[in-house]
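*Asks:* Here you go, this is protein_8.cif (mmCIF, C-alpha atoms and all ligand atoms).
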```
data_query
loop_
_atom_site.label_atom_id
_atom_site.label_comp_id
_atom_site.auth_asym_id
_atom_site.auth_seq_id
_atom_site.Cartn_x
_atom_site.Cartn_y
_atom_site.Cartn_z
CA MET A 139 143.89 161.24 73.22
CA ILE A 140 143.54 160.27 69.54
CA LYS A 141 140.26 158.55 68.78
CA VAL A 142 140.47 155.87 66.11
CA LEU A 143 137.26 154.38 64.78
CA PHE A 144 137.69 150.79 63.59
CA ALA A 145 135.17 150.54 60.73
CA ALA A 146 136.36 147.26 59.28
CA GLY A 147 133.92 144.75 60.69
CA TRP A 148 133.73 142.60 63.79
CA PRO A 149 135.88 139.59 62.78
CA ARG A 150 138.75 141.90 61.90
CA TRP A 151 138.35 143.83 65.14
CA LYS A 152 139.23 140.68 67.03
CA GLN A 153 142.37 140.29 64.90
CA TYR A 154 143.41 143.95 64.99
CA LYS A 155 142.48 145.22 68.44
CA HIS A 156 145.64 144.05 70.14
CA ALA A 157 147.98 144.56 67.17
CA LEU A 158 146.77 148.14 66.70
CA SER A 159 147.08 149.10 70.36
CA MET A 160 150.60 147.69 70.43
CA ALA A 161 151.58 149.52 67.23
CA MET A 162 150.10 152.83 68.44
CA ALA A 163 151.96 152.57 71.72
CA LYS A 164 155.18 151.73 69.91
CA ALA A 165 154.71 154.82 67.70
CA GLY A 166 154.39 156.87 70.89
CA LEU A 167 150.71 157.68 70.31
CA GLU A 168 148.07 157.77 72.98
CA ALA A 169 145.02 156.43 71.27
CA GLU A 170 141.63 155.07 72.05
CA LEU A 171 140.53 152.45 69.53
CA SER A 172 136.88 151.55 69.26
CA GLN A 173 134.24 150.28 66.89
CA SER A 174 131.77 152.82 68.21
CA HIS A 175 133.33 156.29 68.37
CA GLY A 176 130.76 158.81 67.12
CA PRO A 177 131.38 161.10 64.13
CA GLU A 178 131.97 164.16 66.33
CA GLU A 179 134.85 162.52 68.22
CA THR A 180 136.55 160.37 65.55
CA ASP A 181 140.05 161.52 64.54
CA TYR A 182 140.91 158.65 62.15
CA ILE A 183 138.89 155.91 60.47
CA VAL A 184 140.42 152.48 59.86
CA TYR A 185 138.36 151.03 57.04
CA ALA A 186 137.76 147.81 55.16
CA PRO A 187 134.81 147.07 52.85
CA ASN A 188 131.94 146.76 55.16
CA ARG A 189 128.22 146.87 54.38
CA ARG A 190 127.44 148.82 57.53
CA PHE A 191 129.69 151.77 56.76
CA SER A 192 129.30 153.83 53.64
CA ASP A 193 128.61 157.42 54.72
CA PHE A 194 131.75 159.34 55.61
CA ALA A 195 130.04 162.76 55.52
CA PRO A 196 129.30 163.05 59.26
CA TYR A 197 132.97 162.40 60.10
CA LYS A 198 133.99 166.01 59.60
CA ARG A 199 136.62 165.89 62.30
CA ALA A 200 138.39 162.82 60.84
CA LYS A 201 141.82 163.64 59.45
CA ALA A 202 142.20 160.52 57.30
CA VAL A 203 140.63 157.25 56.27
CA LEU A 204 143.15 154.41 56.44
CA SER A 205 142.24 151.40 54.34
CA LEU A 206 143.17 147.91 55.44
CA TRP A 207 142.81 146.82 51.82
CA ALA A 208 145.28 147.35 49.04
CA GLY A 209 142.46 147.78 46.51
CA VAL A 210 140.31 150.83 47.26
CA GLU A 211 137.97 150.77 44.26
CA ASP A 212 134.89 150.41 46.44
CA ILE A 213 135.45 153.68 48.34
CA VAL A 214 137.49 155.79 45.98
CA THR A 215 134.31 156.81 44.15
CA ASN A 216 132.28 157.35 47.34
CA GLU A 217 131.19 161.00 47.14
CA THR A 218 130.77 161.30 50.91
CA LEU A 219 134.48 160.63 51.32
CA THR A 220 136.25 164.00 51.45
CA GLN A 221 138.97 163.01 53.89
CA PRO A 222 142.42 161.94 52.60
CA LEU A 223 142.44 158.21 51.85
CA ALA A 224 145.47 155.94 52.25
CA ARG A 225 145.57 152.45 50.82
CA MET A 226 147.31 149.54 52.51
CA VAL A 227 150.80 148.54 51.54
CA ASP A 228 151.65 145.78 53.96
CA SER A 229 154.83 143.71 53.87
CA GLY A 230 152.87 140.69 55.15
CA MET A 231 150.39 140.97 52.29
CA THR A 232 153.20 141.39 49.76
CA GLU A 233 154.96 138.29 51.06
CA GLY A 234 151.75 136.28 50.89
CA MET A 235 151.09 137.44 47.32
CA VAL A 236 154.60 136.50 46.21
CA GLU A 237 154.04 133.01 47.63
CA TYR A 238 150.65 132.59 45.92
CA VAL A 239 151.88 133.87 42.56
CA THR A 240 155.15 131.95 42.46
CA GLY A 241 153.33 128.81 43.66
CA HIS A 242 150.67 128.99 40.96
CA VAL A 243 153.13 130.02 38.24
CA LEU A 244 155.29 127.02 39.15
CA ARG A 245 152.26 124.71 39.16
CA HIS A 246 151.59 125.59 35.54
CA HIS A 247 155.18 125.91 34.45
CA LEU A 248 156.13 122.50 35.82
CA GLY A 249 152.84 120.95 34.69
CA MET A 250 152.43 119.66 38.22
CA ASP A 251 148.91 118.36 37.66
CA ALA A 252 149.95 116.31 34.65
CA HIS A 253 153.18 115.06 36.14
CA ILE A 254 151.76 113.52 39.28
CA VAL A 255 151.36 109.89 38.20
CA ASN A 256 148.68 107.66 39.57
CA PRO A 257 148.40 103.85 39.34
CA GLY A 258 147.10 102.77 35.96
CA HIS A 259 148.13 105.99 34.20
CA ASP A 260 150.66 106.16 31.40
CA TRP A 261 154.29 106.56 32.41
CA ILE A 262 155.10 109.52 30.21
CA ALA A 263 158.45 111.00 31.09
CA LYS A 264 158.34 114.38 29.41
CA PRO A 265 160.08 116.83 31.70
CA PRO A 266 159.08 120.48 31.61
CA PRO A 267 161.42 123.14 30.17
CA LEU A 268 163.46 125.33 32.48
CA ALA A 269 161.99 128.57 33.74
CA ARG A 270 164.47 130.49 31.59
CA SER A 271 162.48 129.50 28.52
CA ARG A 272 159.02 130.32 29.92
CA PRO A 273 158.15 134.00 29.45
CA VAL A 274 155.89 135.38 32.17
CA THR A 275 154.17 138.76 32.12
CA VAL A 276 152.93 140.60 35.17
CA LEU A 277 150.33 143.30 34.49
CA GLY A 278 150.64 145.91 37.23
CA LEU A 279 153.94 146.93 38.79
CA GLY A 280 152.75 148.39 42.06
CA GLU A 281 153.99 147.02 45.34
CA LEU A 282 152.51 143.56 44.75
CA GLY A 283 153.21 143.22 41.02
CA ALA A 284 156.80 144.41 41.37
CA ALA A 285 157.51 142.00 44.24
CA CYS A 286 156.06 139.08 42.25
CA ALA A 287 157.96 140.09 39.10
CA ARG A 288 161.23 140.17 41.08
CA SER A 289 160.65 136.76 42.65
CA LEU A 290 159.78 135.20 39.31
CA ALA A 291 162.88 136.75 37.74
CA ALA A 292 164.95 135.35 40.62
CA LEU A 293 163.70 131.90 39.56
CA ASN A 294 165.02 132.67 36.05
CA PHE A 295 161.70 133.27 34.29
CA PRO A 296 162.09 135.95 31.61
CA VAL A 297 159.72 138.49 33.16
CA THR A 298 157.97 141.34 31.43
CA GLY A 299 156.15 143.83 33.62
CA TRP A 300 153.56 146.25 32.37
CA SER A 301 152.17 149.35 34.04
CA ARG A 302 150.27 152.50 33.15
CA SER A 303 153.31 154.70 33.63
CA LYS A 304 156.82 153.53 32.87
CA LYS A 305 158.69 151.82 35.73
CA ARG A 306 162.27 150.67 36.05
CA LEU A 307 162.97 147.38 37.78
CA ARG A 308 166.30 145.62 37.60
CA GLY A 309 166.11 142.35 35.69
CA ILE A 310 162.54 142.98 34.46
CA ARG A 311 161.59 144.13 30.99
CA CYS A 312 159.31 147.04 31.88
CA LEU A 313 156.74 148.18 29.34
CA ALA A 314 154.08 150.85 29.63
CA GLY A 315 151.11 152.36 27.85
CA LEU A 316 148.81 150.75 25.32
CA GLU A 317 151.61 150.13 22.78
CA GLY A 318 153.58 148.34 25.48
CA LEU A 319 150.59 146.19 26.35
CA ASP A 320 150.56 144.49 22.93
CA ALA A 321 154.18 143.45 23.34
CA ALA A 322 153.64 142.45 26.98
CA LEU A 323 150.81 140.11 25.98
CA SER A 324 152.22 138.64 22.79
CA GLU A 325 154.92 136.56 24.48
CA ALA A 326 153.27 135.80 27.83
CA GLU A 327 153.00 132.05 28.27
CA ILE A 328 151.87 132.81 31.81
CA LEU A 329 150.05 136.07 32.55
CA VAL A 330 149.60 137.40 36.10
CA LEU A 331 147.07 140.17 36.76
CA LEU A 332 147.91 142.51 39.63
CA LEU A 333 146.43 145.79 38.41
CA PRO A 334 144.26 148.05 40.52
CA LEU A 335 140.64 148.20 39.39
CA THR A 336 139.99 151.59 37.79
CA THR A 337 137.88 152.83 34.89
CA GLY A 338 141.00 152.30 32.76
CA THR A 339 141.56 148.66 33.75
CA GLU A 340 137.97 147.36 34.01
CA GLY A 341 137.53 144.64 31.37
CA LEU A 342 141.15 145.07 30.22
CA LEU A 343 141.52 141.39 29.44
CA ASP A 344 138.84 141.16 26.76
CA ALA A 345 138.48 138.86 23.74
CA GLN A 346 140.93 140.83 21.63
CA ARG A 347 143.65 140.87 24.28
CA LEU A 348 143.15 137.21 25.15
CA ALA A 349 143.71 136.49 21.46
CA GLN A 350 147.05 138.32 21.60
CA LEU A 351 148.47 135.84 24.10
CA PRO A 352 150.38 132.81 22.79
CA ASN A 353 148.12 129.82 22.15
CA GLY A 354 147.57 127.79 25.32
CA ALA A 355 148.68 130.60 27.69
CA VAL A 356 147.80 130.46 31.37
CA VAL A 357 146.04 133.35 33.13
CA ILE A 358 146.48 133.84 36.88
CA ASN A 359 144.29 136.52 38.46
CA PRO A 360 144.84 137.44 42.10
CA GLY A 361 144.05 141.11 41.31
CA ARG A 362 140.38 141.92 40.73
CA GLY A 363 137.66 139.94 38.93
CA GLN A 364 136.54 142.97 36.92
CA LEU A 365 139.87 143.09 35.06
CA ILE A 366 138.62 140.16 32.96
CA ASP A 367 135.67 139.81 30.61
CA ASP A 368 134.32 136.50 31.98
CA ASN A 369 132.54 135.46 28.80
CA ALA A 370 135.56 136.20 26.64
CA LEU A 371 137.73 134.15 29.00
CA LEU A 372 135.29 131.21 28.90
CA ALA A 373 135.25 131.31 25.10
CA ALA A 374 139.06 131.44 24.99
CA LEU A 375 139.26 128.48 27.39
CA ASP A 376 136.78 126.52 25.27
CA SER A 377 138.76 127.14 22.11
CA GLY A 378 142.06 126.25 23.81
CA GLN A 379 143.49 129.71 23.17
CA ILE A 380 143.82 129.90 26.95
CA GLY A 381 145.08 126.65 28.42
CA HIS A 382 144.11 127.31 32.03
CA ALA A 383 142.90 130.11 34.29
CA THR A 384 143.63 130.25 38.00
CA LEU A 385 141.27 132.80 39.49
CA ASP A 386 141.21 134.14 43.03
CA VAL A 387 138.93 137.13 42.52
CA PHE A 388 135.59 137.49 40.77
CA ARG A 389 133.06 140.07 39.64
CA GLU A 390 130.78 138.71 42.34
CA GLU A 391 132.14 137.12 45.51
CA PRO A 392 131.54 134.49 46.69
CA LEU A 393 131.47 133.21 43.10
CA PRO A 394 127.76 132.41 42.42
CA GLU A 395 126.98 128.69 42.48
CA ASP A 396 125.78 128.67 38.89
CA HIS A 397 128.81 130.50 37.47
CA PRO A 398 130.38 128.48 34.61
CA PHE A 399 133.87 128.92 36.11
CA TRP A 400 133.00 126.30 38.74
CA ALA A 401 132.42 123.48 36.30
CA HIS A 402 135.02 124.41 33.71
CA PRO A 403 137.78 121.78 33.60
CA SER A 404 140.42 124.41 32.79
CA VAL A 405 139.59 126.80 35.61
CA THR A 406 141.00 126.68 39.13
CA VAL A 407 139.02 128.72 41.65
CA THR A 408 140.52 129.94 44.91
CA PRO A 409 138.27 131.94 47.28
CA HIS A 410 140.00 135.37 47.41
CA ILE A 411 142.80 134.00 49.56
CA ALA A 412 145.80 134.89 47.40
CA SER A 413 146.90 137.22 50.14
CA GLU A 414 145.38 139.34 52.84
CA THR A 415 146.50 142.15 55.04
CA ARG A 416 148.26 140.72 58.10
CA ALA A 417 147.25 142.40 61.36
CA GLU A 418 150.69 142.65 62.88
CA THR A 419 152.46 144.34 59.97
CA ALA A 420 149.41 146.34 58.79
CA ALA A 421 148.87 147.78 62.27
CA GLN A 422 152.34 149.28 62.07
CA VAL A 423 151.50 150.96 58.76
CA ILE A 424 148.29 152.41 60.24
CA ALA A 425 150.14 153.67 63.33
CA GLU A 426 152.91 155.19 61.22
CA ASN A 427 150.34 157.04 59.12
CA ILE A 428 148.59 158.40 62.21
CA ARG A 429 151.96 159.47 63.61
CA ARG A 430 152.77 161.23 60.34
CA SER A 431 149.44 162.96 60.18
CA GLU A 432 149.75 164.16 63.79
CA ALA A 433 153.27 165.44 63.02
CA GLY A 434 152.08 167.25 59.89
CA GLU A 435 154.05 164.90 57.62
CA PRO A 436 152.60 163.54 54.36
CA LEU A 437 150.69 160.25 54.57
CA LEU A 438 152.17 157.09 53.12
CA HIS A 439 150.32 155.45 50.22
CA LEU A 440 147.93 158.36 49.73
CA VAL A 441 145.33 157.52 47.09
CA ASP A 442 145.21 159.71 44.01
CA ARG A 443 141.45 160.13 43.76
CA LYS A 444 141.60 160.93 40.03
CA ALA A 445 143.74 157.94 39.13
CA GLY A 446 141.55 155.79 41.40
CA TYR A 447 144.29 154.07 43.37
C1 LIG B 1 142.29 142.57 48.98
O1 LIG B 1 141.80 142.11 48.01
C2 LIG B 1 142.85 143.88 49.10
O2 LIG B 1 142.63 144.74 48.22
O3 LIG B 1 143.54 144.15 50.10
#
```
Would you write out, as structure tokens, the structure that this file holds?

*Replies:*
Amino acid sequence: MIKVLFAAGWPRWKQYKHALSMAMAKAGLEAELSQSHGPEETDYIVYAPNRRFSDFAPYKRAKAVLSLWAGVEDIVTNETLTQPLARMVDSGMTEGMVEYVTGHVLRHHLGMDAHIVNPGHDWIAKPPPLARSRPVTVLGLGELGAACARSLAALNFPVTGWSRSKKRLRGIRCLAGLEGLDAALSEAEILVLLLPLTTGTEGLLDAQRLAQLPNGAVVINPGRGQLIDDNALLAALDSGQIGHATLDVFREEPLPEDHPFWAHPSVTVTPHIASETRAETAAQVIAENIRRSEAGEPLLHLVDRKAGY
């Protein structure tokens, strides 16, 4: 009997309990899932950021920690974590992210806010350009960034994708490295941030890089709040260098009540809902990883502890 400790909080337990048992059975695994297995009996830990769980050291028997989150920055530096760590790549989350990103890109591209006419407002018929003349850049070409880049390209946006190491994606101009970043930013009328948070990406979008974007560019951040220098972004919004920012993630969440993003007329705040792991599809990924581990096969989506993701 494989003992799986669910260390991802009570509300998620309600969502995952059934989905995980089904997925484990389907993978042919006999497992006992619980929120309270002790360290000496736990074979696998299913984890999501959770204030009550930060010490992995006693879990010497555990063969892997399986994250329900795509972003693992909060545990990747945890020194008590010596077990292999897998991040979540979930088709449900990817689908949700594609919908959020294309929706918000289209909002800005089409000027939806300005084009909805209300009684008493001017009847200004100035149609937006076609997508083919609106360059969009996606920073980060992992599972989520690549899927969003493809969907935007399918809508005819000229898409540039940027990543740390060079990628190849059909129909996307792929750039890499710091030299590539300058070119990726200089034409981006809409910029989408889907990078993992690492020491190399923290504060990446600072005053200098915001200034490299075309005047009036839109920033959409469903990645991580720490990718952006908040004060630099506010200054760029005030000067008009950045026309609008749609932000789903923040340095502190929930976004503190007195944060200037709330009141800024050119900022749209969404409460970290761009996309989340979906129990049904994510449970299958967890079960497949446990099956692999039991069969001595390599884990899917293993985190490179040095790279940080
Ligand atoms: C959510 O933000 C995640 O990393 O899965």

*Asks:* Which residue gives the smallest distance to His247 of chain A among A:Gly283, A:Pro398, A:Leu313, A:Glu327, with all atoms listed in the file counted?

*Replies:*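 So, comparing all the options, the nearest one is A:Glu327.
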
*Asks:* Of the candidates A:Arg306, A:Arg225, A:Arg311, A:His439, which one gets nearest to ligand LIG 1 (chain B) if we count all atoms listed in the file?

*Replies:*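 Residue with the minimum atom-to-atom distance to ligand LIG 1 (chain B): A:Arg225.
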
*Asks:* Emit as JSON the padded axis-aligned box for all listed atoms of ligand LIG 1 (chain B), 8 Å per side, with centre and edge lengths in Å to one decimal.

*Replies:*
```
{"center_x": 142.7, "center_y": 143.4, "center_z": 49.1, "size_x": 17.7, "size_y": 18.6, "size_z": 18.1}
```

*Asks:* Around ligand LIG 1 (chain B), out to 6 Å and counting all atoms listed in the file, which residues are there? I want them as a VMD selection string.

*Replies:* chain A and resid 207 to 209 414

*Asks:* Keeping only C-alpha atoms, write the selected residues to a file as a compact mmCIF listing (two decimals), in the coordinates of the input.

*Replies:*
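The new file part_2.txt reads:
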```
# COMPACT_ATOMS: atom_id res chain seq x y z
CA TRP A 207 142.81 146.82 51.82
CA ALA A 208 145.28 147.35 49.04
CA GLY A 209 142.46 147.78 46.51
CA GLU A 414 145.38 139.34 52.84
```

*Asks:* Show me, as a list in words, the residues that have an atom within 12 Å of Ser271 of chain A when counting all atoms listed in the file, minus same-chain residues fewer than 6 positions from it.

*Replies:*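 Result of the neighbour search: His247, Leu248, Ala291, Leu293, Asn294, Phe295, Pro296, Val297, Glu325, Ala326, Glu327 and Ile328 of chain A.
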
*Asks:* Those residues with C-alpha atoms, as an mmCIF file, in the frame of the given file please?

*Replies:*
```cif
data_model
loop_
_atom_site.group_PDB
_atom_site.id
_atom_site.type_symbol
_atom_site.label_atom_id
_atom_site.label_comp_id
_atom_site.auth_asym_id
_atom_site.auth_seq_id
_atom_site.Cartn_x
_atom_site.Cartn_y
_atom_site.Cartn_z
ATOM 1 C CA HIS A 247 155.180 125.910 34.450
ATOM 2 C CA LEU A 248 156.130 122.500 35.820
ATOM 3 C CA ALA A 291 162.880 136.750 37.740
ATOM 4 C CA LEU A 293 163.700 131.900 39.560
ATOM 5 C CA ASN A 294 165.020 132.670 36.050
ATOM 6 C CA PHE A 295 161.700 133.270 34.290
ATOM 7 C CA PRO A 296 162.090 135.950 31.610
ATOM 8 C CA VAL A 297 159.720 138.490 33.160
ATOM 9 C CA GLU A 325 154.920 136.560 24.480
ATOM 10 C CA ALA A 326 153.270 135.800 27.830
ATOM 11 C CA GLU A 327 153.000 132.050 28.270
ATOM 12 C CA ILE A 328 151.870 132.810 31.810
#
```

*Asks:* At a cut-off of 10 Å from (137.7, 134.7, 45.4) in the coordinates of the file, what residues are picked up using all atoms listed in the file, written as a ChimeraX atom specification?

*Replies:* /A:359-363,385-393,407-412

*Asks:* Which neighbours of Gly176 of chain A fall inside 12 Å, counting all atoms listed in the file, when residues of the same chain fewer than 4 positions from it are skipped, and could you give them as a tab-separated table (two decimals) with C-alpha atoms, keeping the file's coordinate frame?

*Replies:*
```
chain	number	residue	atom	x	y	z
A	141	LYS	CA	140.26	158.55	68.78
A	142	VAL	CA	140.47	155.87	66.11
A	143	LEU	CA	137.26	154.38	64.78
A	144	PHE	CA	137.69	150.79	63.59
A	145	ALA	CA	135.17	150.54	60.73
A	171	LEU	CA	140.53	152.45	69.53
A	172	SER	CA	136.88	151.55	69.26
A	180	THR	CA	136.55	160.37	65.55
A	181	ASP	CA	140.05	161.52	64.54
A	182	TYR	CA	140.91	158.65	62.15
A	183	ILE	CA	138.89	155.91	60.47
A	194	PHE	CA	131.75	159.34	55.61
A	196	PRO	CA	129.30	163.05	59.26
A	197	TYR	CA	132.97	162.40	60.10
A	198	LYS	CA	133.99	166.01	59.60
A	199	ARG	CA	136.62	165.89	62.30
A	200	ALA	CA	138.39	162.82	60.84
```

*Asks:* Would you work out the distance separating atom CA of Leu343 of chain A from atom CA of Met226 of chain A, expressed in Å to one decimal?

*Replies:*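 Computed distance, atom CA of Leu343 of chain A to atom CA of Met226 of chain A, equals 25.1 Å.
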
*Asks:* What does the structure give for the distance between atom CA of Ala202 of chain A and atom CA of Leu365 of chain A, in Å to one decimal?

*Replies:* 28.4 Å

*Asks:* Please, what distance in Å, to one decimal, runs between atom CA of Ala314 of chain A and atom CA of Ala284 of chain A?

*Replies:*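 A separation of 13.7 Å between them.
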
*Asks:* Ranking A:Lys164, A:Val423, A:Ile262, A:Arg416 by minimum distance to Gly234 of chain A and counting all atoms listed in the file, which one comes first?

*Replies:*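 The shortest atom-to-atom distance to Gly234 of chain A comes from A:Arg416.
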